[in-house]
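Q: Following this message is one structure expressed as structure tokens.
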Amino acid sequence: MPLLKNPASKDVIEVGQQFYISANSSLADDRTRVLLHGDTFAVFDRSGDIQPVGTGQQGIFHLEMRHLSRLELKLCGVRPLLLSSTIREDNLLFAVDLTNPDLQLASGKNLARGTLHIYRTKFLSDGVCHDRLTVHNYNEESIEVELTLEVDADFADIFEIRGEKRKHRGQMLGEEYERGSISLSYEGLDRIRRTTRVECNAPECKAEESGIRIPLHLEAQGETVLTIRAECLREDLDVAVQPYDQALQGLVQERAAGPLADVGVNTSNERFNSWLRRSQSDLAMMITRTPYGPYPYAGVPWYSTIFGRDGIITALELLWLAPEVARGVLSYLAATQATSFDPERDAEPGKILHELRKGEMAELREVPFGRYYGTVDGTPLFLVLAAAYYERTADEEFLRSIWANVLAALEWVDRYGDRDGDGFVEYARQNDNGLVQQGWKDSNDSVFHSDGKLAVGPIALCEVQSYVYAARLGIAGVARDLGQAQLAETLEKQAAELRTKFQQTFWSHELQLFVLALDGEKNPCKVRSSNAGHCLFSGIASDAQQRALRGAMLEPAFYSGWGIRTIVTGEKRFNPMSYHNGSMWPHDNAVIAWGALKSPDKELALGVLSGLFDLSDKVNLHRLPELICGFARRPGKGPTLYPVACSPQAWAAGAVFMVLQACLGLEIRAKEQKLFLHHSRLPESLKQVRIENLRVGNACVDLSFERYEETVGVNIVRRSGHLEIIALR
């Protein structure tokens, strides 16, 4: 369907079929609202509409294709006035309050501003966007008004929206109109027909080329309710469409059965609780049902799909509370582990998935990310998670079920990860379309030397060696319990050798940190980076090196006041507005803080928790974004947001739980039925923390932590089953 010539009245200016927001328009406020369910997500403006303006992220997306690029509600030809809008705290429902501006009706009568109230609620369920409008007339006499719904679908692939240019596209098919519905269709180059069907249930509505017209007769002090449904359809898949109330009830029941439903963490600080609740509900929304169990999709809008590294780190953040997520992640990644060579996808036997895409461009291999393996850290982190899951649950049966995958991952680390046999794991992409940098900082300019010159691969990142060390030690423990003592001894020997060589090769006495990386010539990249902080949790650093690392991370060059920067101020490529060279990422901070879990020195973890808490108090909905700019915190000023950061983002949402675990020093060893509390500390902002329904095997416990000036007291509020709790001070 063609766009109307003036899609948002005076708000939007059209120049050569490009649309721009007028500087004095309310649309210039880019605070969008996000909903997600499974493989469907939506980005709306604050009124619940989809506008073809701004960064172009708005729309309803299904299986990584935009099925609705425009959805605009008008009242008597103009946009209603926005009163307020919010996403419900459980993320299930988007609620909007609208009213009318001053209008002249078709009858010639004037309708004063604020006479009509439109309450709009929206949610997603299995490829369908449900939209209910309740229109109330506060006038003293009956009136006739008309609502219109203007719609369009561009069927753009997610990679097109991100900027990829296509030489050819599929074919837009003709619109189909029924009494109250419009169907727009597209046949892709993959020969799959995709359709968006928008339907209104109002009895007098009429579909036509300009949209759906909905005439309403409203009695004095009367109201009417109507529903609009946007269905995202593919000819090769079935979509079960349910009525509004039935679909919403199904969502509520699904959430109640989710892996985070019983998680109970509360504090004495209500602002902190708002952060906890938002993080938990964001994660509950992003954790998606798969044939292999729950899996946290990475983030909206660009990463609403399976990512190996993101899923693993999110599972680690949640492991102490919800180990079911880790099991789902391990199952999925084991099932999609590479079994052969495919240079186009950077795949090698035993390697763990980087990302999985389901859109048209991915299916046609116009981009290599349909099933892409270009990550150097996914495979060792898979092993880290497998070992951590076993320690947390003692689920020997499950570890046996994925043991062949564990062995294949170990083989990849030794044979393909260590490309030159020097004992370190390094990477270099196998094709020109893949990622240049394959650590978590995967932008092209993220690995460089102190003079700013980009490093030439193969590249060995410092944190990857830490992951490999943790993986070998962790899997050694599992192997011993599974009766494979010889493998356990080999892994422990390899870990010890790696630790010695790593400390000698990567430590810089000049920087008093581990260097960022070694380049292809084994020259160190002497750059002060947050990567070095990922060497704390594994134990690969010596005690003296750990002390130096913890101290450095809280220095002003690293710590912005909101958190630890990816690169310190003063480095050649430092830029607080860059993606990886000076920004601040919550998940990065969480992994760094995690290194203090067993340490009596909690200052680093406390500093990270306090900074992220303050950040949560300054951002919309208390929702930590993927990253923020790395500018120093200024008195009376909020954080500087990164303009295209994903929000919500799974590993950003999970950060609070990992950092809180580190501060409490909470460690669970399920095989021994023991819960350890290593040197528990809390920041001044938290006088009390209560954890409810913490399950270990058949045991369940509620714990209460009380902060005192120099220590933290622990009370066992409730305990069922056998679980020994050991507090180390």
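Note on naming: chains are A, B, ... as they come in the structure tokens, residues start from 1 per chain, ligands start from 1 in the order shown.
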Near Gln249 of chain A, counting only C-alpha atoms, which residues have an atom at most 12 Å away, once you skip same-chain residues fewer than 6 positions from it, shown as a list in words?
A: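 Answer for this query is Leu92, Leu93, Phe123, Leu124, Ser125, Gln242, Pro243, Arg255 and Ala256 of chain A.
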Q: Identify all residues of segment 458-514 of chain A in helix (DSSP H, G or I) (DSSP on the backbone) and supply them as a PyMOL selection string.
A: chain A and resi 462-481+485-506
Q: For those residues, write C-alpha atoms to a file as a PDB file, in the first residue's frame.
A:
```pdb
ATOM      1  CA  CYS A 462      43.465 -11.782  27.127  1.00  0.00           C
ATOM      2  CA  GLU A 463      39.947 -12.643  28.361  1.00  0.00           C
ATOM      3  CA  VAL A 464      39.679 -15.639  26.045  1.00  0.00           C
ATOM      4  CA  GLN A 465      42.661 -17.243  27.773  1.00  0.00           C
ATOM      5  CA  SER A 466      40.883 -16.669  31.079  1.00  0.00           C
ATOM      6  CA  TYR A 467      37.788 -18.438  29.743  1.00  0.00           C
ATOM      7  CA  VAL A 468      39.878 -21.359  28.481  1.00  0.00           C
ATOM      8  CA  TYR A 469      41.576 -21.671  31.867  1.00  0.00           C
ATOM      9  CA  ALA A 470      38.225 -21.682  33.699  1.00  0.00           C
ATOM     10  CA  ALA A 471      36.807 -24.150  31.177  1.00  0.00           C
ATOM     11  CA  ARG A 472      39.599 -26.668  31.627  1.00  0.00           C
ATOM     12  CA  LEU A 473      39.497 -26.549  35.420  1.00  0.00           C
ATOM     13  CA  GLY A 474      35.703 -26.693  35.528  1.00  0.00           C
ATOM     14  CA  ILE A 475      35.348 -29.576  33.077  1.00  0.00           C
ATOM     15  CA  ALA A 476      38.147 -31.421  34.872  1.00  0.00           C
ATOM     16  CA  GLY A 477      35.922 -31.542  37.936  1.00  0.00           C
ATOM     17  CA  VAL A 478      32.982 -32.830  35.910  1.00  0.00           C
ATOM     18  CA  ALA A 479      35.153 -35.434  34.167  1.00  0.00           C
ATOM     19  CA  ARG A 480      36.367 -36.783  37.479  1.00  0.00           C
ATOM     20  CA  ASP A 481      32.781 -37.226  38.704  1.00  0.00           C
ATOM     21  CA  ALA A 485      40.118 -39.361  35.805  1.00  0.00           C
ATOM     22  CA  GLN A 486      42.745 -39.360  33.054  1.00  0.00           C
ATOM     23  CA  LEU A 487      40.946 -36.602  31.152  1.00  0.00           C
ATOM     24  CA  ALA A 488      40.612 -34.638  34.382  1.00  0.00           C
ATOM     25  CA  GLU A 489      44.374 -34.860  35.012  1.00  0.00           C
ATOM     26  CA  THR A 490      45.158 -33.787  31.447  1.00  0.00           C
ATOM     27  CA  LEU A 491      42.868 -30.760  31.692  1.00  0.00           C
ATOM     28  CA  GLU A 492      44.292 -29.725  35.048  1.00  0.00           C
ATOM     29  CA  LYS A 493      47.822 -29.975  33.663  1.00  0.00           C
ATOM     30  CA  GLN A 494      46.861 -27.920  30.614  1.00  0.00           C
ATOM     31  CA  ALA A 495      45.261 -25.301  32.859  1.00  0.00           C
ATOM     32  CA  ALA A 496      48.357 -24.997  35.056  1.00  0.00           C
ATOM     33  CA  GLU A 497      50.607 -24.619  32.018  1.00  0.00           C
ATOM     34  CA  LEU A 498      48.318 -21.997  30.520  1.00  0.00           C
ATOM     35  CA  ARG A 499      48.219 -20.028  33.774  1.00  0.00           C
ATOM     36  CA  THR A 500      51.993 -19.878  34.033  1.00  0.00           C
ATOM     37  CA  LYS A 501      52.527 -18.899  30.410  1.00  0.00           C
ATOM     38  CA  PHE A 502      49.662 -16.387  30.445  1.00  0.00           C
ATOM     39  CA  GLN A 503      50.985 -14.553  33.494  1.00  0.00           C
ATOM     40  CA  GLN A 504      54.415 -14.321  31.909  1.00  0.00           C
ATOM     41  CA  THR A 505      53.259 -13.293  28.430  1.00  0.00           C
ATOM     42  CA  PHE A 506      50.193 -11.111  28.952  1.00  0.00           C
TER      43      PHE A 506
END
```
Q: Looking at only C-alpha atoms, which of A:Arg528, A:Leu248, A:Ala202, A:Leu513 is the one that sits closest to Ala541 of chain A?
A: A:Leu513
Q: What lies within 9 Å of segment 206-214 of chain A using only C-alpha atoms, ignoring chain neighbours under 3 positions off, as a tab-separated table (two decimals) with N, CA and C atoms, in the first residue's frame?
A:
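Below you can see part_18.tsv, which holds the result:
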```tsv
chain	number	residue	atom	x	y	z
A	1	MET	N	0.85	-1.19	0.00
A	1	MET	CA	0.00	0.00	0.00
A	1	MET	C	0.88	1.23	0.00
A	2	PRO	N	0.61	2.23	-0.85
A	2	PRO	CA	1.45	3.42	-0.89
A	2	PRO	C	1.27	4.26	0.36
A	3	LEU	N	2.36	4.92	0.78
A	3	LEU	CA	2.27	5.84	1.90
A	3	LEU	C	1.48	7.07	1.48
A	4	LEU	N	0.74	7.63	2.42
A	4	LEU	CA	0.07	8.89	2.14
A	4	LEU	C	1.11	9.99	2.00
A	145	VAL	N	-18.12	10.50	15.42
A	145	VAL	CA	-16.71	10.73	15.09
A	145	VAL	C	-16.23	9.58	14.22
A	146	GLU	N	-15.06	9.77	13.64
A	146	GLU	CA	-14.49	8.71	12.81
A	146	GLU	C	-13.03	8.48	13.19
A	147	LEU	N	-12.69	7.24	13.47
A	147	LEU	CA	-11.31	6.82	13.62
A	147	LEU	C	-10.83	6.27	12.28
A	148	THR	N	-9.57	6.50	11.97
A	148	THR	CA	-8.97	5.87	10.79
A	148	THR	C	-7.67	5.22	11.21
A	149	LEU	N	-7.37	4.13	10.57
A	149	LEU	CA	-6.15	3.38	10.82
A	149	LEU	C	-5.41	3.30	9.49
A	150	GLU	N	-4.27	3.99	9.41
A	150	GLU	CA	-3.47	4.01	8.19
A	150	GLU	C	-2.32	3.02	8.35
A	151	VAL	N	-2.21	2.09	7.40
A	151	VAL	CA	-1.24	1.01	7.55
A	151	VAL	C	-0.39	0.87	6.29
A	152	ASP	N	0.79	0.30	6.47
A	152	ASP	CA	1.66	-0.04	5.35
A	152	ASP	C	2.64	-1.11	5.82
A	175	GLU	N	-2.78	-5.55	-2.70
A	175	GLU	CA	-3.53	-5.57	-1.45
A	175	GLU	C	-4.87	-6.26	-1.66
A	177	TYR	N	-8.76	-6.51	0.15
A	177	TYR	CA	-9.64	-5.82	1.08
A	177	TYR	C	-10.88	-6.66	1.34
A	178	GLU	N	-11.22	-6.79	2.59
A	178	GLU	CA	-12.51	-7.32	2.99
A	178	GLU	C	-13.23	-6.23	3.78
A	179	ARG	N	-14.37	-6.52	4.34
A	179	ARG	CA	-15.15	-5.46	4.99
A	179	ARG	C	-14.34	-4.72	6.04
A	180	GLY	N	-13.69	-5.44	6.93
A	180	GLY	CA	-12.96	-4.78	8.00
A	180	GLY	C	-11.49	-5.16	8.05
A	181	SER	N	-10.93	-5.61	6.94
A	181	SER	CA	-9.54	-6.04	6.99
A	181	SER	C	-8.79	-5.70	5.70
A	182	ILE	N	-7.49	-5.54	5.85
A	182	ILE	CA	-6.57	-5.31	4.74
A	182	ILE	C	-5.47	-6.36	4.84
A	198	VAL	N	-4.40	-6.92	8.68
A	198	VAL	CA	-4.86	-6.02	9.73
A	198	VAL	C	-6.37	-6.02	9.71
A	199	GLU	N	-6.97	-6.34	10.84
A	199	GLU	CA	-8.43	-6.49	10.91
A	199	GLU	C	-8.99	-5.74	12.10
A	200	CYS	N	-10.13	-5.08	11.89
A	200	CYS	CA	-10.85	-4.39	12.95
A	200	CYS	C	-12.22	-5.05	13.11
A	202	ALA	N	-14.91	-3.61	14.58
A	202	ALA	CA	-16.02	-2.67	14.71
A	202	ALA	C	-17.06	-2.95	13.62
A	203	PRO	N	-18.34	-2.96	13.94
A	203	PRO	CA	-19.37	-3.40	12.98
A	203	PRO	C	-19.48	-2.54	11.73
```
Q: Using DSSP secondary structure from the backbone, list all strand (DSSP E) positions within segment 113-253 of chain A, as a CSV table (one decimal) with N, CA and C atoms, in the first residue's frame.
A:
```
chain,number,residue,atom,x,y,z
A,116,LEU,N,-13.1,13.5,24.5
A,116,LEU,CA,-13.0,12.0,24.4
A,116,LEU,C,-11.7,11.5,25.0
A,117,HIS,N,-11.9,10.3,25.6
A,117,HIS,CA,-10.7,9.6,26.2
A,117,HIS,C,-10.6,8.3,25.4
A,118,ILE,N,-9.4,8.0,24.9
A,118,ILE,CA,-9.1,6.8,24.2
A,118,ILE,C,-8.1,6.0,25.0
A,119,TYR,N,-8.5,4.9,25.5
A,119,TYR,CA,-7.5,4.0,26.3
A,119,TYR,C,-7.1,2.9,25.3
A,120,ARG,N,-5.9,2.8,25.0
A,120,ARG,CA,-5.3,1.9,24.0
A,120,ARG,C,-4.4,0.9,24.7
A,121,THR,N,-4.7,-0.4,24.6
A,121,THR,CA,-3.8,-1.4,25.1
A,121,THR,C,-3.3,-2.4,24.0
A,122,LYS,N,-2.0,-2.7,24.1
A,122,LYS,CA,-1.5,-3.6,23.0
A,122,LYS,C,-0.6,-4.7,23.6
A,123,PHE,N,-0.6,-5.8,23.0
A,123,PHE,CA,0.4,-6.9,23.4
A,123,PHE,C,0.6,-7.8,22.2
A,124,LEU,N,1.7,-8.6,22.3
A,124,LEU,CA,2.0,-9.5,21.2
A,124,LEU,C,1.8,-10.9,21.7
A,125,SER,N,1.4,-11.8,20.8
A,125,SER,CA,1.3,-13.2,21.1
A,125,SER,C,1.4,-14.0,19.8
A,128,VAL,N,1.1,-12.3,16.4
A,128,VAL,CA,-0.1,-11.4,16.3
A,128,VAL,C,0.1,-10.2,17.3
A,129,CYS,N,-0.2,-9.0,16.8
A,129,CYS,CA,-0.3,-7.8,17.6
A,129,CYS,C,-1.7,-7.5,17.9
A,130,HIS,N,-2.1,-7.6,19.2
A,130,HIS,CA,-3.5,-7.3,19.6
A,130,HIS,C,-3.6,-5.8,20.1
A,131,ASP,N,-4.6,-5.1,19.7
A,131,ASP,CA,-4.7,-3.7,20.0
A,131,ASP,C,-6.2,-3.4,20.3
A,132,ARG,N,-6.5,-3.0,21.6
A,132,ARG,CA,-7.8,-2.7,22.0
A,132,ARG,C,-8.0,-1.2,22.3
A,133,LEU,N,-9.1,-0.7,21.7
A,133,LEU,CA,-9.4,0.8,21.9
A,133,LEU,C,-10.7,0.9,22.7
A,134,THR,N,-10.6,1.6,23.8
A,134,THR,CA,-11.8,1.9,24.6
A,134,THR,C,-12.0,3.4,24.5
A,135,VAL,N,-13.1,3.8,23.8
A,135,VAL,CA,-13.4,5.2,23.5
A,135,VAL,C,-14.5,5.7,24.4
A,136,HIS,N,-14.3,6.7,25.2
A,136,HIS,CA,-15.3,7.2,26.2
A,136,HIS,C,-15.6,8.6,25.8
A,137,ASN,N,-16.9,8.9,25.7
A,137,ASN,CA,-17.4,10.3,25.4
A,137,ASN,C,-17.8,11.0,26.7
A,143,ILE,N,-22.4,12.1,20.0
A,143,ILE,CA,-21.6,12.7,18.9
A,143,ILE,C,-21.3,11.5,17.9
A,144,GLU,N,-21.0,12.0,16.7
A,144,GLU,CA,-20.5,11.1,15.6
A,144,GLU,C,-19.0,11.4,15.3
A,145,VAL,N,-18.1,10.5,15.4
A,145,VAL,CA,-16.7,10.7,15.1
A,145,VAL,C,-16.2,9.6,14.2
A,146,GLU,N,-15.1,9.8,13.6
A,146,GLU,CA,-14.5,8.7,12.8
A,146,GLU,C,-13.0,8.5,13.2
A,147,LEU,N,-12.7,7.2,13.5
A,147,LEU,CA,-11.3,6.8,13.6
A,147,LEU,C,-10.8,6.3,12.3
A,148,THR,N,-9.6,6.5,12.0
A,148,THR,CA,-9.0,5.9,10.8
A,148,THR,C,-7.7,5.2,11.2
A,149,LEU,N,-7.4,4.1,10.6
A,149,LEU,CA,-6.1,3.4,10.8
A,149,LEU,C,-5.4,3.3,9.5
A,150,GLU,N,-4.3,4.0,9.4
A,150,GLU,CA,-3.5,4.0,8.2
A,150,GLU,C,-2.3,3.0,8.3
A,151,VAL,N,-2.2,2.1,7.4
A,151,VAL,CA,-1.2,1.0,7.6
A,151,VAL,C,-0.4,0.9,6.3
A,152,ASP,N,0.8,0.3,6.5
A,152,ASP,CA,1.7,0.0,5.3
A,152,ASP,C,2.6,-1.1,5.8
A,171,GLN,N,8.9,-9.6,-4.6
A,171,GLN,CA,7.9,-8.9,-5.3
A,171,GLN,C,6.7,-8.5,-4.3
A,172,MET,N,6.4,-7.2,-4.2
A,172,MET,CA,5.2,-6.8,-3.5
A,172,MET,C,4.0,-7.2,-4.3
A,173,LEU,N,3.0,-7.9,-3.6
A,173,LEU,CA,1.8,-8.4,-4.2
A,173,LEU,C,0.7,-7.4,-3.9
A,174,GLY,N,-0.4,-7.5,-4.7
A,174,GLY,CA,-1.5,-6.6,-4.5
A,174,GLY,C,-2.2,-6.7,-3.2
A,175,GLU,N,-2.8,-5.6,-2.7
A,175,GLU,CA,-3.5,-5.6,-1.5
A,175,GLU,C,-4.9,-6.3,-1.7
A,176,GLU,N,-5.4,-6.8,-0.6
A,176,GLU,CA,-6.7,-7.5,-0.6
A,176,GLU,C,-7.5,-6.8,0.5
A,177,TYR,N,-8.8,-6.5,0.1
A,177,TYR,CA,-9.6,-5.8,1.1
A,177,TYR,C,-10.9,-6.7,1.3
A,181,SER,N,-10.9,-5.6,6.9
A,181,SER,CA,-9.5,-6.0,7.0
A,181,SER,C,-8.8,-5.7,5.7
A,182,ILE,N,-7.5,-5.5,5.9
A,182,ILE,CA,-6.6,-5.3,4.7
A,182,ILE,C,-5.5,-6.4,4.8
A,183,SER,N,-5.1,-7.0,3.7
A,183,SER,CA,-4.0,-7.9,3.7
A,183,SER,C,-3.0,-7.4,2.7
A,184,LEU,N,-1.7,-7.3,3.1
A,184,LEU,CA,-0.6,-6.9,2.3
A,184,LEU,C,0.4,-8.0,2.2
A,185,SER,N,0.9,-8.3,1.0
A,185,SER,CA,1.7,-9.5,0.8
A,185,SER,C,2.9,-9.3,0.0
A,186,TYR,N,3.9,-10.1,0.3
A,186,TYR,CA,5.2,-10.0,-0.4
A,186,TYR,C,5.7,-11.4,-0.6
A,187,GLU,N,6.2,-11.7,-1.8
A,187,GLU,CA,6.8,-13.0,-2.1
A,187,GLU,C,8.3,-12.7,-2.2
A,193,ARG,N,5.9,-16.7,0.6
A,193,ARG,CA,4.9,-15.6,0.6
A,193,ARG,C,4.7,-15.2,2.1
A,194,ARG,N,4.9,-13.9,2.4
A,194,ARG,CA,4.6,-13.4,3.7
A,194,ARG,C,3.4,-12.4,3.6
A,195,THR,N,2.6,-12.4,4.6
A,195,THR,CA,1.4,-11.6,4.5
A,195,THR,C,1.2,-10.9,5.9
A,196,THR,N,0.7,-9.6,5.8
A,196,THR,CA,0.3,-8.9,7.0
A,196,THR,C,-1.2,-8.7,6.9
A,197,ARG,N,-2.0,-9.2,7.8
A,197,ARG,CA,-3.4,-9.0,7.8
A,197,ARG,C,-3.8,-8.1,8.9
A,198,VAL,N,-4.4,-6.9,8.7
A,198,VAL,CA,-4.9,-6.0,9.7
A,198,VAL,C,-6.4,-6.0,9.7
A,199,GLU,N,-7.0,-6.3,10.8
A,199,GLU,CA,-8.4,-6.5,10.9
A,199,GLU,C,-9.0,-5.7,12.1
A,200,CYS,N,-10.1,-5.1,11.9
A,200,CYS,CA,-10.8,-4.4,13.0
A,200,CYS,C,-12.2,-5.0,13.1
A,206,LYS,N,-14.7,0.0,7.5
A,206,LYS,CA,-14.6,-0.3,6.1
A,206,LYS,C,-13.2,-0.2,5.7
A,207,ALA,N,-12.6,-1.2,5.0
A,207,ALA,CA,-11.3,-1.2,4.6
A,207,ALA,C,-11.2,-0.6,3.1
A,208,GLU,N,-10.2,0.2,2.9
A,208,GLU,CA,-10.0,0.8,1.6
A,208,GLU,C,-8.6,1.1,1.4
A,211,GLY,N,-6.7,3.0,4.2
A,211,GLY,CA,-6.6,2.4,5.5
A,211,GLY,C,-8.0,1.8,5.9
A,212,ILE,N,-8.2,1.7,7.2
A,212,ILE,CA,-9.5,1.3,7.7
A,212,ILE,C,-10.2,2.4,8.3
A,213,ARG,N,-11.4,2.7,7.9
A,213,ARG,CA,-12.2,3.8,8.5
A,213,ARG,C,-13.2,3.2,9.5
A,214,ILE,N,-13.3,3.8,10.6
A,214,ILE,CA,-14.2,3.3,11.7
A,214,ILE,C,-15.1,4.4,12.2
A,215,PRO,N,-16.3,4.4,11.7
A,215,PRO,CA,-17.3,5.4,12.2
A,215,PRO,C,-17.8,5.0,13.5
A,216,LEU,N,-17.9,6.0,14.5
A,216,LEU,CA,-18.4,5.7,15.8
A,216,LEU,C,-19.5,6.6,16.2
A,217,HIS,N,-20.6,6.0,16.8
A,217,HIS,CA,-21.6,6.8,17.4
A,217,HIS,C,-21.5,6.6,18.9
A,218,LEU,N,-21.3,7.8,19.6
A,218,LEU,CA,-21.0,7.7,21.0
A,218,LEU,C,-22.1,8.5,21.7
A,223,GLU,N,-19.5,4.8,26.1
A,223,GLU,CA,-18.2,4.4,25.5
A,223,GLU,C,-18.4,3.2,24.6
A,224,THR,N,-17.4,2.9,23.8
A,224,THR,CA,-17.4,1.7,22.9
A,224,THR,C,-16.1,1.1,22.9
A,225,VAL,N,-16.0,-0.2,22.7
A,225,VAL,CA,-14.8,-0.9,22.7
A,225,VAL,C,-14.6,-1.7,21.4
A,226,LEU,N,-13.4,-1.5,20.8
A,226,LEU,CA,-13.1,-2.3,19.6
A,226,LEU,C,-11.7,-2.8,19.6
A,227,THR,N,-11.5,-3.8,18.8
A,227,THR,CA,-10.2,-4.4,18.8
A,227,THR,C,-9.6,-4.4,17.3
A,228,ILE,N,-8.3,-4.3,17.3
A,228,ILE,CA,-7.6,-4.3,16.0
A,228,ILE,C,-6.5,-5.4,16.1
A,229,ARG,N,-6.4,-6.2,15.1
A,229,ARG,CA,-5.4,-7.3,15.1
A,229,ARG,C,-4.5,-7.2,13.9
A,230,ALA,N,-3.2,-7.3,14.1
A,230,ALA,CA,-2.3,-7.3,13.0
A,230,ALA,C,-1.6,-8.7,13.1
A,231,GLU,N,-1.9,-9.5,12.0
A,231,GLU,CA,-1.4,-10.9,12.0
A,231,GLU,C,-0.2,-11.0,11.0
A,232,CYS,N,0.9,-11.5,11.5
A,232,CYS,CA,2.1,-11.8,10.7
A,232,CYS,C,2.1,-13.2,10.2
A,233,LEU,N,1.9,-13.4,8.9
A,233,LEU,CA,1.7,-14.7,8.4
A,233,LEU,C,2.7,-15.1,7.4
A,234,ARG,N,3.1,-16.4,7.4
A,234,ARG,CA,3.9,-17.0,6.4
A,234,ARG,C,3.2,-18.3,5.8
```
Q: Would you work out the distance separating atom CA of Phe705 of chain A from atom CA of Gln688 of chain A, expressed in Å to one decimal?
A: 5.5 Å
Q: Tell me, as a short mmCIF file (atom, residue, chain, number, x, y, z; two decimals) with N, CA and C atoms, in the first residue's frame, which residues lie within 12 Å of Gly638 of chain A, counting only C-alpha atoms; anything in the same chain fewer than 2 positions away does not count.
A:
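Done, and the output landed in selection-v4.cif:
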```cif
data_model
loop_
_atom_site.label_atom_id
_atom_site.label_comp_id
_atom_site.auth_asym_id
_atom_site.auth_seq_id
_atom_site.Cartn_x
_atom_site.Cartn_y
_atom_site.Cartn_z
N GLY A 561 31.94 6.61 36.96
CA GLY A 561 30.92 7.02 37.92
C GLY A 561 29.64 6.22 37.73
N TRP A 562 29.42 5.75 36.49
CA TRP A 562 28.30 4.86 36.19
C TRP A 562 28.77 3.41 36.09
N GLY A 611 27.26 2.02 40.93
CA GLY A 611 27.20 2.77 39.68
C GLY A 611 26.03 2.34 38.81
N ASP A 614 22.70 3.53 40.29
CA ASP A 614 22.44 4.94 39.98
C ASP A 614 22.03 5.10 38.53
N LEU A 615 22.64 4.34 37.63
CA LEU A 615 22.27 4.40 36.22
C LEU A 615 20.82 3.96 36.04
N SER A 616 20.43 2.89 36.70
CA SER A 616 19.06 2.39 36.56
C SER A 616 18.04 3.42 37.02
N ASP A 617 18.44 4.25 37.94
CA ASP A 617 17.54 5.27 38.47
C ASP A 617 17.37 6.45 37.52
N LYS A 618 18.25 6.53 36.52
CA LYS A 618 18.23 7.67 35.59
C LYS A 618 17.69 7.32 34.21
N VAL A 619 17.53 6.05 33.91
CA VAL A 619 17.11 5.66 32.57
C VAL A 619 15.63 5.31 32.57
N ASN A 620 15.03 5.36 31.39
CA ASN A 620 13.60 5.12 31.24
C ASN A 620 13.23 3.71 31.72
N ILE A 628 26.09 2.56 27.49
CA ILE A 628 25.96 4.02 27.49
C ILE A 628 27.31 4.60 27.11
N CYS A 629 27.32 5.88 26.79
CA CYS A 629 28.58 6.55 26.49
C CYS A 629 29.44 6.63 27.76
N PHE A 631 31.29 8.99 29.10
CA PHE A 631 31.62 10.29 29.68
C PHE A 631 31.63 10.18 31.20
N ALA A 632 32.50 10.97 31.81
CA ALA A 632 32.57 10.99 33.27
C ALA A 632 31.25 11.53 33.84
N ARG A 633 30.84 10.95 34.93
CA ARG A 633 29.62 11.39 35.59
C ARG A 633 29.78 12.82 36.09
N ARG A 634 28.77 13.64 35.83
CA ARG A 634 28.82 15.04 36.21
C ARG A 634 27.75 15.33 37.24
N PRO A 635 28.05 16.15 38.25
CA PRO A 635 27.06 16.45 39.31
C PRO A 635 25.78 17.02 38.71
N GLY A 636 24.67 16.44 39.11
CA GLY A 636 23.38 16.94 38.67
C GLY A 636 23.00 16.54 37.26
N THR A 640 24.89 9.84 29.56
CA THR A 640 24.75 10.12 28.13
C THR A 640 24.48 8.80 27.43
N LEU A 641 23.29 8.68 26.85
CA LEU A 641 22.87 7.42 26.26
C LEU A 641 23.50 7.22 24.90
#
```
Q: Calculated over only C-alpha atoms, which of the candidates A:Gly630, A:Pro52, A:Gly539, A:Pro294 has the smallest distance to Ala557 of chain A?
A: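 Answer, going by the shortest atom-to-atom distance: A:Gly630.
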Q: Any idea what's packed within 7 Å of segment 643-655 of chain A, counting only C-alpha atoms, ignoring anything in its chain fewer than 5 positions away? Could you give it as a PyMOL selection string?
A: chain A and resi 279+282-283+286+296-302+310+313-314+317-318+586-587+590+623-627
